[in-house]
Amino acid sequence: MSKKVIDLQPEVPYHTYTVAETEAELKSSSIEGLTSEEADIRLRRYGTNELKGSGGVKWYLVLWRQIANPLVVVLLIANILAFATEQFAEGGVILFIIIMNATIGFYQDFSAEQTMEALRNMSSPTAQVIRDETRIVIPNNQVVPGDVLIFEDGDVIGADCRLFEVFNLETDEALLTGESLPVQKNLDLIKASEESLGDRLNMVFASTTVVKGRAKGIVTGTGMGTQIGKIATTLMNVDTNELTPLQKRLNKMAYCIFVAAVILVIVVFAVHKFRYSNEIAIYAISVAISMIPQGLVAIVTLTMAFGVSRMAKAKAIVRRLSSLESLGAVTNICSDKTGTLTQSKMVAVRMWFPGDGFYRISGTGFVPEGEIFRQGETNNGEVPIQANEQVVTLDSGNDQLLRTIQASALCNMAELRRTNHPETHGEWTAIGDPTEIALQVLAYKAGMPKPELVDNGFRLVAEFPFDSSVKRMSVLYETPSDEHLIFTKGATERILGCCSHYRDGDAEIPLRNEKAGEDSIQVDFESVIMKRVDALAEQGLRVLSLSYRKFHPTKGVDLVHGLDRDEVESNLVFLGLVGIYDPPRAESLPAVMKCYEAGIRVHMLTGDHPSTAAAIAKEVAIIPADTDVKNSSMVMSADKFDAMSDEQIDALDELPRVVARCSPNTKVKMIAALHRRNLFAAMTGDGVNDSPSLKAANVGIAMGQSGSDVAKQAADIVLTDDNFATIVEAIAEGRRMFFNIQKFVQHLMSGNIATILVLVVALAVKDEQGDSVFPLSAAAILFMNLCYSSPPAIGLGLEPASATNMKEPPRTSKQGLFSFEVLMDMFVYGFVMAILSFVPFILVLFVFEDGQLGYKCNRGYYSDVCDGVFRARATCYATLTFLILSHAINCRDIRQSGWQWSRLKTAHQNKTLWLSIVVGAMILFPVIYVPGLNKNVFKHLGISYEWGIVFASLFIYTAFVETYKFVKRRTMA
């Protein structure tokens, strides 16, 4: 799909085409969209919807990163010295190391870059299209000419489109035209084919942003065929070389180690009184190289790429690598309710009308099958049980039910349709907000669906979309009898403030009467309604209020653009309440419980009524089941929380677990309160207004299905399934990855410390000419780092999470990779391995071989007098190799034994680690026993009785490790 045929998209002035002409030209339908088969054909023909040259992985840049680093420079110097002094064996090994290191590093880095590039493509802005008569969400790069694109407030438009349906649409085209003010769009035909882009009001363009309203359009151009593609080919370039804080710390560590390596070179020459010889120079360079964890950066990159890939499979797309490190430190999760903790499959199940009382609606899901039952009022105002109820229809009572159903159907942008696709023929599908879908299904059940009302003459004149600041939506319709009606829905407290009357049967009764010049609410009507709202909300229902009024337009006023929202949403007539139920996801409760086990506190920040939010919070264990909602500080309304000063919030024993009627500013305030308590917060969001809170949070998490593109771009992680349980999985993966990096860094550094100590201490062992007798040859040192340290470290990076991964409190945000315990372990393990490797060298040399050190044995096997030195080297090499390999098993857990049967039987879960250990052990034997290779390259001989010493050292080391960990478990918190 990567091939792009840029010139195939014709230069057609679609702004001069009618909608029908556009459909004919593009062979598409504004109602049905394209079929999946046709979309695939067009994707192959036109290519992906991307700008040419927009990033990608450059192999030569990846290769250059493998060469341009201090390690390779040191190796090259060593290689030049070896060949210049005719040390061809050492030179060959060093050259082999350079090539192998660069090859492995290139493969790991290139694979990681490709993985990250693929994931960046996955997390790029998505598009809502109609295919196979069904509204679906696809990656924006899969959009093709002829697709029907749907966009709304906050979306980044993914392609050039000819509009065919517009409601108060305004777009920000500053990126394309330089015009700073939003542009109001319409459907008027434009005759001039050369009209400037800014005046093509029936078109929208790729990479511009919807700032208001919503619309539908037919895609006319994608990729380089868009207007933005012709003038800005670099807009979508991405930085593929982002360095995370962890990588920066590791880089600093590498430079510190490099300085230490230079110091060691000086030490080696100082011990030999700065007398130069080829052997001393090669040995000094080898000591320096052994100090540097050669594969560290590549292994970190590979581990992160693997972690990101695992999270993608778990439906969490990582947009910023730095968020991976932050996940393990999360202490609090601030989550939305609808669609995240719940299924987002809302269904209207209750209604309440003044005078009539409660109603029950049967049926579930999108299928518009069910009946409406009148249950009446109860003495205590609580929701009645299913008894003494009667089926009602629109023609069996007064007009109150009729107006309510009209409001449900018309103050609503959702669509309900039955598909004709062969695979889903006859199934009901829905397009739109879940709450609006529930109301639309209710209208269908009542026998008054929106399409029928429109067909009978109801015409939409103006729309005031839902706004989180007012929590209302209103529409103005012209009726078949040329009347004008306003319908409004929204949060009850926001609707009541706009109402002057309420409907009781066919009568419209004033809410307020003039008495002695003062207003008084009749029969405390507002408190009656709020009591019914509480009763519905306590059953976990989301409660909406519906209202309407007759509108008499002023002559000459533009009803489409000239109306004031405050004027429209005033003097309304209150109709009634609708209770909508959104059941919790089955996985939400276990996920919340897992959070508590992991020391993570969950907060629900929702726009719902406090009782509704509390009811769902109880079901998923965010708050205890016996919580008294009205008297508990765990549940708080946003107006109360927002009214509190920072000092008052900080004085609370505990921040509220549930904040209801939440606004975007409330979320920002909650994040700030968490930060003042030195807590590490993850925040979910989906709307444009959520962007500030997503950026303010330590980890911003956007909803991939319901979220706007602006929210996704502001977030660190995007959930493709909008599921709270996925957040918990992402945190678990973040913890696993952090501890795995800690494990392999400990393994690499412990081995390096052991090797350095052996090499430096052995400088004190002098031969007959006063030269130090090297315990390991330069080739052996280099080969050991390549084959015995890096491969097990890679395996440790892929280690599965431990059983206690999500049963321990989160690490503090200040806790770095090198905690006191990790540093202590590095030096303890390194010191013990050094002793247990150097002692066999001394035993063979001075006990079993009578101290025959010979001369020039560093240079080669000149006589039998070097026999003892060569056997001692082989013993030291075998011992250190087995210790480093076994240390990889030890590093699987910082305190628990790596040799427990419960851990050993899970070896199949990390085949890379165990395979690297087995292969490393097998490679050891040819190195020791193959004639020529052992004596001429690695400068040691085959051994026999010395294996007893090797395995004795291995046994002692294992016993020490188990004792050391046992003491740590008993003494360290």
# chains A, B, ... in the order shown; residues from 1 in each chain; ligands from 1
>>> residues_around(residues="segment 371-385 of chain A", least_positions_apart="2", cutoff="8 Å", atoms="only C-alpha atoms", output="PyMOL selection string")
chain A and resi 356-363+369+387-393+445-446+531-532+535-536
>>> write_last_selection(atoms="C-alpha atoms", output="mmCIF file, in the first residue's frame")
data_model
loop_
_atom_site.group_PDB
_atom_site.id
_atom_site.type_symbol
_atom_site.label_atom_id
_atom_site.label_comp_id
_atom_site.auth_asym_id
_atom_site.auth_seq_id
_atom_site.Cartn_x
_atom_site.Cartn_y
_atom_site.Cartn_z
ATOM 1 C CA ASP A 356 -48.020 11.755 35.019
ATOM 2 C CA GLY A 357 -45.133 10.342 37.028
ATOM 3 C CA PHE A 358 -42.751 7.594 35.917
ATOM 4 C CA TYR A 359 -42.637 5.636 32.663
ATOM 5 C CA ARG A 360 -40.683 2.483 31.810
ATOM 6 C CA ILE A 361 -39.280 1.650 28.368
ATOM 7 C CA SER A 362 -38.514 -1.950 27.408
ATOM 8 C CA GLY A 363 -35.941 -3.214 24.916
ATOM 9 C CA GLU A 369 -38.242 -2.795 19.522
ATOM 10 C CA ALA A 387 -46.199 -3.269 38.823
ATOM 11 C CA ASN A 388 -49.552 -1.713 37.950
ATOM 12 C CA GLU A 389 -48.177 -0.362 34.699
ATOM 13 C CA GLN A 390 -50.020 0.282 31.465
ATOM 14 C CA VAL A 391 -48.821 0.357 27.873
ATOM 15 C CA VAL A 392 -49.142 3.816 26.340
ATOM 16 C CA THR A 393 -48.892 5.076 22.766
ATOM 17 C CA LYS A 445 -40.004 2.660 19.746
ATOM 18 C CA ALA A 446 -42.686 5.320 20.188
ATOM 19 C CA LYS A 531 -35.777 14.701 43.862
ATOM 20 C CA ARG A 532 -36.908 12.671 40.831
ATOM 21 C CA ALA A 535 -34.171 8.854 42.370
ATOM 22 C CA LEU A 536 -33.287 7.978 38.765
#
>>> closest_atom_pairs(of="segment 769-797 of chain A", to="segment 736-753 of chain A", cutoff="6 Å", atoms="only C-alpha atoms", output="CSV")
residue,atom,partner,partner_atom,distance
A:Ala793,CA,A:Phe744,CA,4.7
A:Leu796,CA,A:Phe744,CA,5.5
A:Gly797,CA,A:Asn740,CA,5.0
>>> write_last_selection(atoms="C-alpha atoms", output="short mmCIF file (atom, residue, chain, number, x, y, z; two decimals), in the first residue's frame")
data_model
loop_
_atom_site.label_atom_id
_atom_site.label_comp_id
_atom_site.auth_asym_id
_atom_site.auth_seq_id
_atom_site.Cartn_x
_atom_site.Cartn_y
_atom_site.Cartn_z
CA ALA A 793 20.81 -8.83 28.44
CA LEU A 796 16.27 -9.94 30.25
CA GLY A 797 14.76 -7.01 28.36
#
>>> atom_distance(atom1="atom CA of Asp767 of chain A", atom2="atom CA of Leu883 of chain A")
27.5 Å
>>> residues_around(residues="Arg677 of chain A", least_positions_apart="2", cutoff="12 Å", atoms="only C-alpha atoms", output="compact mmCIF listing (two decimals) with all heavy atoms, in the first residue's frame")
# COMPACT_ATOMS: atom_id res chain seq x y z
N THR A 331 0.39 6.99 40.13
CA THR A 331 -0.22 6.73 41.44
C THR A 331 -1.73 6.95 41.42
O THR A 331 -2.44 6.42 42.25
CB THR A 331 0.38 7.65 42.51
OG1 THR A 331 0.14 9.03 42.13
CG2 THR A 331 1.87 7.44 42.65
N ASN A 332 -2.20 7.76 40.46
CA ASN A 332 -3.63 8.08 40.38
C ASN A 332 -4.07 8.09 38.92
O ASN A 332 -3.35 8.61 38.05
CB ASN A 332 -3.91 9.46 40.99
CG ASN A 332 -3.62 9.52 42.48
OD1 ASN A 332 -2.47 9.48 42.89
ND2 ASN A 332 -4.66 9.60 43.29
N ASP A 646 -7.22 26.49 46.48
CA ASP A 646 -6.17 25.47 46.52
C ASP A 646 -5.86 25.06 47.95
O ASP A 646 -5.61 23.87 48.23
CB ASP A 646 -4.90 26.01 45.85
CG ASP A 646 -5.06 26.17 44.35
OD1 ASP A 646 -6.07 25.64 43.81
OD2 ASP A 646 -4.20 26.81 43.72
N GLU A 647 -5.88 26.03 48.86
CA GLU A 647 -5.59 25.72 50.27
C GLU A 647 -6.66 24.80 50.84
O GLU A 647 -6.36 23.87 51.60
CB GLU A 647 -5.51 27.02 51.08
CG GLU A 647 -4.30 27.89 50.77
CD GLU A 647 -4.43 28.61 49.44
OE1 GLU A 647 -5.58 28.71 48.91
OE2 GLU A 647 -3.39 29.08 48.91
N ILE A 649 -8.56 22.69 49.16
CA ILE A 649 -8.42 21.36 48.55
C ILE A 649 -7.25 20.62 49.19
O ILE A 649 -7.34 19.42 49.48
CB ILE A 649 -8.21 21.50 47.02
CG1 ILE A 649 -9.49 22.03 46.37
CG2 ILE A 649 -7.82 20.15 46.41
CD1 ILE A 649 -9.35 22.30 44.89
N ASP A 650 -6.16 21.32 49.41
CA ASP A 650 -4.98 20.67 50.01
C ASP A 650 -5.25 20.24 51.45
O ASP A 650 -4.58 19.34 51.96
CB ASP A 650 -3.79 21.62 49.98
CG ASP A 650 -3.32 21.91 48.55
OD1 ASP A 650 -3.70 21.13 47.65
OD2 ASP A 650 -2.61 22.92 48.35
N ALA A 651 -6.22 20.88 52.09
CA ALA A 651 -6.55 20.54 53.48
C ALA A 651 -7.41 19.28 53.58
O ALA A 651 -7.57 18.72 54.67
CB ALA A 651 -7.25 21.71 54.17
N LEU A 652 -7.98 18.84 52.45
CA LEU A 652 -8.80 17.63 52.46
C LEU A 652 -7.94 16.42 52.80
O LEU A 652 -6.81 16.30 52.34
CB LEU A 652 -9.47 17.42 51.09
CG LEU A 652 -10.51 18.44 50.63
CD1 LEU A 652 -10.93 18.15 49.19
CD2 LEU A 652 -11.73 18.40 51.56
N ASP A 653 -8.50 15.53 53.62
CA ASP A 653 -7.77 14.30 53.96
C ASP A 653 -7.53 13.47 52.71
O ASP A 653 -6.50 12.80 52.56
CB ASP A 653 -8.55 13.49 54.99
CG ASP A 653 -8.62 14.19 56.34
OD1 ASP A 653 -7.71 14.99 56.62
OD2 ASP A 653 -9.59 13.96 57.08
N GLU A 654 -8.50 13.51 51.80
CA GLU A 654 -8.40 12.72 50.58
C GLU A 654 -9.13 13.46 49.47
O GLU A 654 -10.21 14.03 49.68
CB GLU A 654 -9.04 11.34 50.78
CG GLU A 654 -9.02 10.46 49.56
CD GLU A 654 -9.78 9.15 49.76
OE1 GLU A 654 -10.17 8.88 50.91
OE2 GLU A 654 -9.97 8.43 48.78
N LEU A 655 -8.56 13.49 48.29
CA LEU A 655 -9.23 14.10 47.16
C LEU A 655 -10.44 13.26 46.77
O LEU A 655 -10.43 12.04 46.92
CB LEU A 655 -8.28 14.22 45.97
CG LEU A 655 -7.13 15.21 46.12
CD1 LEU A 655 -6.18 15.12 44.94
CD2 LEU A 655 -7.66 16.62 46.27
N MET A 670 -8.06 19.29 39.18
CA MET A 670 -7.78 18.01 39.85
C MET A 670 -6.33 17.60 39.63
O MET A 670 -5.66 17.15 40.56
CB MET A 670 -8.74 16.93 39.35
CG MET A 670 -8.42 15.54 39.86
SD MET A 670 -8.58 15.37 41.66
CE MET A 670 -10.35 15.11 41.81
N ILE A 671 -5.84 17.74 38.41
CA ILE A 671 -4.44 17.40 38.12
C ILE A 671 -3.50 18.26 38.96
O ILE A 671 -2.53 17.77 39.54
CB ILE A 671 -4.14 17.59 36.62
CG1 ILE A 671 -4.89 16.54 35.79
CG2 ILE A 671 -2.65 17.49 36.35
CD1 ILE A 671 -4.44 15.12 36.02
N ALA A 672 -3.80 19.56 39.04
CA ALA A 672 -2.96 20.45 39.84
C ALA A 672 -2.97 20.05 41.31
O ALA A 672 -1.93 20.08 41.98
CB ALA A 672 -3.44 21.90 39.68
N ALA A 673 -4.14 19.63 41.82
CA ALA A 673 -4.23 19.20 43.21
C ALA A 673 -3.42 17.94 43.45
O ALA A 673 -2.76 17.79 44.49
CB ALA A 673 -5.70 18.97 43.58
N LEU A 674 -3.44 17.02 42.50
CA LEU A 674 -2.64 15.79 42.63
C LEU A 674 -1.15 16.12 42.61
O LEU A 674 -0.37 15.54 43.37
CB LEU A 674 -3.00 14.83 41.49
CG LEU A 674 -4.38 14.18 41.57
CD1 LEU A 674 -4.73 13.51 40.25
CD2 LEU A 674 -4.45 13.18 42.71
N HIS A 675 -0.76 17.03 41.74
CA HIS A 675 0.66 17.40 41.66
C HIS A 675 1.14 18.06 42.94
O HIS A 675 2.28 17.85 43.36
CB HIS A 675 0.88 18.32 40.46
CG HIS A 675 0.83 17.61 39.15
ND1 HIS A 675 0.80 18.26 37.92
CD2 HIS A 675 0.80 16.29 38.85
CE1 HIS A 675 0.76 17.38 36.95
NE2 HIS A 675 0.75 16.17 37.48
N LEU A 679 1.86 13.55 43.66
CA LEU A 679 1.34 12.32 43.07
C LEU A 679 1.52 12.37 41.56
O LEU A 679 1.65 13.43 40.97
CB LEU A 679 -0.14 12.15 43.44
CG LEU A 679 -0.41 12.01 44.94
CD1 LEU A 679 -1.91 12.01 45.23
CD2 LEU A 679 0.23 10.74 45.49
N PHE A 680 1.52 11.20 40.96
CA PHE A 680 1.80 11.05 39.53
C PHE A 680 0.51 10.62 38.86
O PHE A 680 0.00 9.53 39.12
CB PHE A 680 2.90 10.01 39.34
CG PHE A 680 3.79 10.27 38.16
CD1 PHE A 680 4.75 11.27 38.21
CD2 PHE A 680 3.67 9.52 37.01
CE1 PHE A 680 5.59 11.51 37.13
CE2 PHE A 680 4.50 9.74 35.93
CZ PHE A 680 5.47 10.74 35.99
N ALA A 681 -0.04 11.47 37.98
CA ALA A 681 -1.41 11.26 37.51
C ALA A 681 -1.47 10.93 36.02
O ALA A 681 -0.76 11.51 35.20
CB ALA A 681 -2.25 12.50 37.79
>>> residues_around(residues="Phe641 of chain A", least_positions_apart="5", cutoff="12 Å", atoms="only C-alpha atoms", output="ChimeraX atom specification")
/A:605,633-636,646,648-650,652,655-663,665-670,673
>>> atom_distance(atom1="atom CA of Glu493 of chain A", atom2="atom CA of Gly579 of chain A")
14.9 Å
>>> residues_around(residues="Thr419 of chain A", least_positions_apart="4", cutoff="12 Å", atoms="only C-alpha atoms", output="ChimeraX atom specification")
/A:31-32,130-135,423-430
>>> write_last_selection(atoms="N, CA, C and O atoms", output="mmCIF file, in the first residue's frame")
data_model
loop_
_atom_site.group_PDB
_atom_site.id
_atom_site.type_symbol
_atom_site.label_atom_id
_atom_site.label_comp_id
_atom_site.auth_asym_id
_atom_site.auth_seq_id
_atom_site.Cartn_x
_atom_site.Cartn_y
_atom_site.Cartn_z
ATOM 1 N N ILE A 31 -25.114 8.909 0.679
ATOM 2 C CA ILE A 31 -25.896 8.158 1.667
ATOM 3 C C ILE A 31 -25.204 6.870 2.067
ATOM 4 O O ILE A 31 -25.046 6.547 3.248
ATOM 5 N N GLU A 32 -24.731 6.104 1.077
ATOM 6 C CA GLU A 32 -24.196 4.767 1.341
ATOM 7 C C GLU A 32 -22.674 4.736 1.437
ATOM 8 O O GLU A 32 -22.104 3.788 1.966
ATOM 9 N N ILE A 130 -18.269 6.591 6.054
ATOM 10 C CA ILE A 130 -19.381 5.659 5.849
ATOM 11 C C ILE A 130 -18.961 4.676 4.772
ATOM 12 O O ILE A 130 -18.707 5.070 3.623
ATOM 13 N N ARG A 131 -18.863 3.422 5.159
ATOM 14 C CA ARG A 131 -18.562 2.351 4.213
ATOM 15 C C ARG A 131 -19.529 1.201 4.441
ATOM 16 O O ARG A 131 -19.843 0.879 5.592
ATOM 17 N N ASP A 132 -19.949 0.614 3.376
ATOM 18 C CA ASP A 132 -20.935 -0.480 3.467
ATOM 19 C C ASP A 132 -22.152 -0.010 4.267
ATOM 20 O O ASP A 132 -22.719 -0.761 5.069
ATOM 21 N N GLU A 133 -22.508 1.280 4.072
ATOM 22 C CA GLU A 133 -23.672 1.889 4.732
ATOM 23 C C GLU A 133 -23.526 1.965 6.245
ATOM 24 O O GLU A 133 -24.496 2.173 6.962
ATOM 25 N N THR A 134 -22.315 1.819 6.737
ATOM 26 C CA THR A 134 -22.081 1.828 8.187
ATOM 27 C C THR A 134 -20.988 2.844 8.515
ATOM 28 O O THR A 134 -19.988 2.944 7.805
ATOM 29 N N ARG A 135 -21.189 3.575 9.579
ATOM 30 C CA ARG A 135 -20.180 4.549 10.024
ATOM 31 C C ARG A 135 -19.087 3.814 10.770
ATOM 32 O O ARG A 135 -19.344 3.103 11.753
ATOM 33 N N GLU A 423 -23.341 -9.239 4.471
ATOM 34 C CA GLU A 423 -22.905 -9.919 5.691
ATOM 35 C C GLU A 423 -23.688 -9.477 6.914
ATOM 36 O O GLU A 423 -23.752 -10.197 7.906
ATOM 37 N N THR A 424 -24.243 -8.277 6.899
ATOM 38 C CA THR A 424 -24.964 -7.761 8.079
ATOM 39 C C THR A 424 -26.382 -7.346 7.696
ATOM 40 O O THR A 424 -26.942 -6.422 8.284
ATOM 41 N N HIS A 425 -26.943 -7.992 6.716
ATOM 42 C CA HIS A 425 -28.252 -7.585 6.195
ATOM 43 C C HIS A 425 -29.305 -7.611 7.297
ATOM 44 O O HIS A 425 -29.464 -8.592 8.014
ATOM 45 N N GLY A 426 -29.997 -6.489 7.429
ATOM 46 C CA GLY A 426 -31.082 -6.423 8.399
ATOM 47 C C GLY A 426 -30.668 -6.002 9.789
ATOM 48 O O GLY A 426 -31.537 -5.757 10.631
ATOM 49 N N GLU A 427 -29.382 -5.879 10.063
ATOM 50 C CA GLU A 427 -28.950 -5.471 11.394
ATOM 51 C C GLU A 427 -29.104 -3.965 11.559
ATOM 52 O O GLU A 427 -28.912 -3.194 10.625
ATOM 53 N N TRP A 428 -29.463 -3.560 12.780
ATOM 54 C CA TRP A 428 -29.591 -2.142 13.086
ATOM 55 C C TRP A 428 -28.238 -1.600 13.537
ATOM 56 O O TRP A 428 -27.584 -2.175 14.401
ATOM 57 N N THR A 429 -27.840 -0.507 12.932
ATOM 58 C CA THR A 429 -26.611 0.170 13.331
ATOM 59 C C THR A 429 -26.932 1.633 13.624
ATOM 60 O O THR A 429 -27.968 2.141 13.200
ATOM 61 N N ALA A 430 -26.056 2.281 14.342
ATOM 62 C CA ALA A 430 -26.297 3.661 14.733
ATOM 63 C C ALA A 430 -25.051 4.499 14.504
ATOM 64 O O ALA A 430 -23.928 4.013 14.613
#
>>> select_by_dssp(residues="segment 855-965 of chain A", states="alpha helix (DSSP H)", output="PyMOL selection string")
chain A and resi 867-890+901-904+911-929+946-965
>>> residues_around(residues="segment 544-547 of chain A", least_positions_apart="2", cutoff="7 Å", atoms="only C-alpha atoms", output="PyMOL selection string")
chain A and resi 404+407+487-492+495+542+572-579
>>> atom_distance(atom1="atom CA of Ile285 of chain A", atom2="atom CA of Ile794 of chain A")
25.2 Å
>>> closest_residue(among="A:Asn49, A:Ser290, A:Asn186, A:Thr22", to="Gly221 of chain A", atoms="only C-alpha atoms")
A:Asn49
>>> residues_around(residues="segment 847-858 of chain A", least_positions_apart="4", cutoff="12 Å", atoms="only C-alpha atoms", output="VMD selection string")
chain A and resid 87 90 277 to 283 765 to 779 839 to 843 862 to 873 935 to 940 945 to 946 949
>>> write_last_selection(atoms="C-alpha atoms", output="PDB file, in the first residue's frame")
ATOM      1  CA  GLN A  87      48.840  -8.920  15.783  1.00  0.00           C
ATOM      2  CA  GLU A  90      43.624  -9.860  17.684  1.00  0.00           C
ATOM      3  CA  SER A 277      54.649  -2.522  23.736  1.00  0.00           C
ATOM      4  CA  ASN A 278      52.107  -3.964  21.370  1.00  0.00           C
ATOM      5  CA  GLU A 279      50.737  -6.342  24.004  1.00  0.00           C
ATOM      6  CA  ILE A 280      50.369  -3.602  26.609  1.00  0.00           C
ATOM      7  CA  ALA A 281      48.642  -1.285  24.132  1.00  0.00           C
ATOM      8  CA  ILE A 282      46.199  -3.960  22.987  1.00  0.00           C
ATOM      9  CA  TYR A 283      45.531  -5.020  26.584  1.00  0.00           C
ATOM     10  CA  VAL A 765      51.065 -10.717  38.617  1.00  0.00           C
ATOM     11  CA  LYS A 766      54.460 -10.233  36.881  1.00  0.00           C
ATOM     12  CA  ASP A 767      56.487 -12.650  34.763  1.00  0.00           C
ATOM     13  CA  GLU A 768      60.253 -13.137  34.671  1.00  0.00           C
ATOM     14  CA  GLN A 769      60.751  -9.898  32.715  1.00  0.00           C
ATOM     15  CA  GLY A 770      58.557  -7.849  35.007  1.00  0.00           C
ATOM     16  CA  ASP A 771      55.613  -7.701  32.612  1.00  0.00           C
ATOM     17  CA  SER A 772      52.100  -8.289  33.930  1.00  0.00           C
ATOM     18  CA  VAL A 773      50.616 -11.689  33.078  1.00  0.00           C
ATOM     19  CA  PHE A 774      47.234 -10.985  31.571  1.00  0.00           C
ATOM     20  CA  PRO A 775      44.435 -13.283  32.871  1.00  0.00           C
ATOM     21  CA  LEU A 776      42.448 -12.819  29.676  1.00  0.00           C
ATOM     22  CA  SER A 777      43.611 -12.068  26.170  1.00  0.00           C
ATOM     23  CA  ALA A 778      42.293  -9.053  24.275  1.00  0.00           C
ATOM     24  CA  ALA A 779      40.354 -11.349  21.927  1.00  0.00           C
ATOM     25  CA  VAL A 839      41.096 -17.152  42.435  1.00  0.00           C
ATOM     26  CA  PRO A 840      40.931 -20.028  39.865  1.00  0.00           C
ATOM     27  CA  PHE A 841      43.503 -18.159  37.753  1.00  0.00           C
ATOM     28  CA  ILE A 842      45.846 -17.958  40.770  1.00  0.00           C
ATOM     29  CA  LEU A 843      45.147 -21.557  41.864  1.00  0.00           C
ATOM     30  CA  TYR A 862      56.520 -19.600  22.579  1.00  0.00           C
ATOM     31  CA  SER A 863      57.393 -22.665  24.670  1.00  0.00           C
ATOM     32  CA  ASP A 864      56.004 -25.174  27.137  1.00  0.00           C
ATOM     33  CA  VAL A 865      56.771 -22.726  29.914  1.00  0.00           C
ATOM     34  CA  CYS A 866      53.632 -20.800  28.837  1.00  0.00           C
ATOM     35  CA  ASP A 867      51.520 -23.916  29.334  1.00  0.00           C
ATOM     36  CA  GLY A 868      50.509 -22.974  32.878  1.00  0.00           C
ATOM     37  CA  VAL A 869      49.639 -19.411  31.933  1.00  0.00           C
ATOM     38  CA  PHE A 870      47.503 -20.570  28.987  1.00  0.00           C
ATOM     39  CA  ARG A 871      45.646 -23.148  31.118  1.00  0.00           C
ATOM     40  CA  ALA A 872      45.107 -20.595  33.869  1.00  0.00           C
ATOM     41  CA  ARG A 873      43.678 -18.161  31.308  1.00  0.00           C
ATOM     42  CA  LYS A 935      46.201 -21.080  21.241  1.00  0.00           C
ATOM     43  CA  ASN A 936      46.704 -18.454  18.527  1.00  0.00           C
ATOM     44  CA  VAL A 937      43.605 -16.248  18.888  1.00  0.00           C
ATOM     45  CA  PHE A 938      42.390 -16.488  22.478  1.00  0.00           C
ATOM     46  CA  LYS A 939      45.827 -17.458  23.903  1.00  0.00           C
ATOM     47  CA  HIS A 940      44.750 -20.319  26.116  1.00  0.00           C
ATOM     48  CA  TYR A 945      40.887 -31.034  35.994  1.00  0.00           C
ATOM     49  CA  GLU A 946      40.347 -27.274  35.972  1.00  0.00           C
ATOM     50  CA  ILE A 949      37.489 -25.450  39.927  1.00  0.00           C
TER      51      ILE A 949
END
>>> closest_residue(among="A:Arg45, A:Lys968, A:Arg601, A:Lys640", to="Ser335 of chain A", atoms="only C-alpha atoms")
A:Arg601
>>> select_by_dssp(residues="segment 660-744 of chain A", states="strand (DSSP E or B)", output="PyMOL selection string")
chain A and resi 660+681-685+699-703+717-719
>>> closest_residue(among="A:Leu476, A:Leu201, A:Leu410, A:Ile136", to="Ile431 of chain A", atoms="only C-alpha atoms")
A:Ile136
>>> decode(residues="segment 634-641 of chain A", atoms="N, CA and C atoms", output="PDB file, in the first residue's frame")
ATOM      1  N   MET A 634     -16.098  11.617  49.386  1.00  0.00           N
ATOM      2  CA  MET A 634     -15.605  10.869  48.236  1.00  0.00           C
ATOM      3  C   MET A 634     -16.309  11.289  46.952  1.00  0.00           C
ATOM      4  N   VAL A 635     -17.551  11.780  47.086  1.00  0.00           N
ATOM      5  CA  VAL A 635     -18.336  12.193  45.921  1.00  0.00           C
ATOM      6  C   VAL A 635     -18.596  13.685  46.037  1.00  0.00           C
ATOM      7  N   MET A 636     -18.244  14.415  44.980  1.00  0.00           N
ATOM      8  CA  MET A 636     -18.385  15.864  45.033  1.00  0.00           C
ATOM      9  C   MET A 636     -18.813  16.370  43.658  1.00  0.00           C
ATOM     10  N   SER A 637     -19.648  17.381  43.644  1.00  0.00           N
ATOM     11  CA  SER A 637     -20.036  18.004  42.381  1.00  0.00           C
ATOM     12  C   SER A 637     -18.956  18.989  41.967  1.00  0.00           C
ATOM     13  N   ALA A 638     -18.859  19.234  40.665  1.00  0.00           N
ATOM     14  CA  ALA A 638     -17.802  20.094  40.149  1.00  0.00           C
ATOM     15  C   ALA A 638     -17.941  21.524  40.639  1.00  0.00           C
ATOM     16  N   ASP A 639     -19.198  22.008  40.790  1.00  0.00           N
ATOM     17  CA  ASP A 639     -19.350  23.393  41.235  1.00  0.00           C
ATOM     18  C   ASP A 639     -18.791  23.582  42.641  1.00  0.00           C
ATOM     19  N   LYS A 640     -18.948  22.563  43.494  1.00  0.00           N
ATOM     20  CA  LYS A 640     -18.392  22.643  44.844  1.00  0.00           C
ATOM     21  C   LYS A 640     -16.867  22.540  44.810  1.00  0.00           C
ATOM     22  N   PHE A 641     -16.360  21.631  44.001  1.00  0.00           N
ATOM     23  CA  PHE A 641     -14.908  21.443  43.909  1.00  0.00           C
ATOM     24  C   PHE A 641     -14.246  22.678  43.300  1.00  0.00           C
TER      25      PHE A 641
END
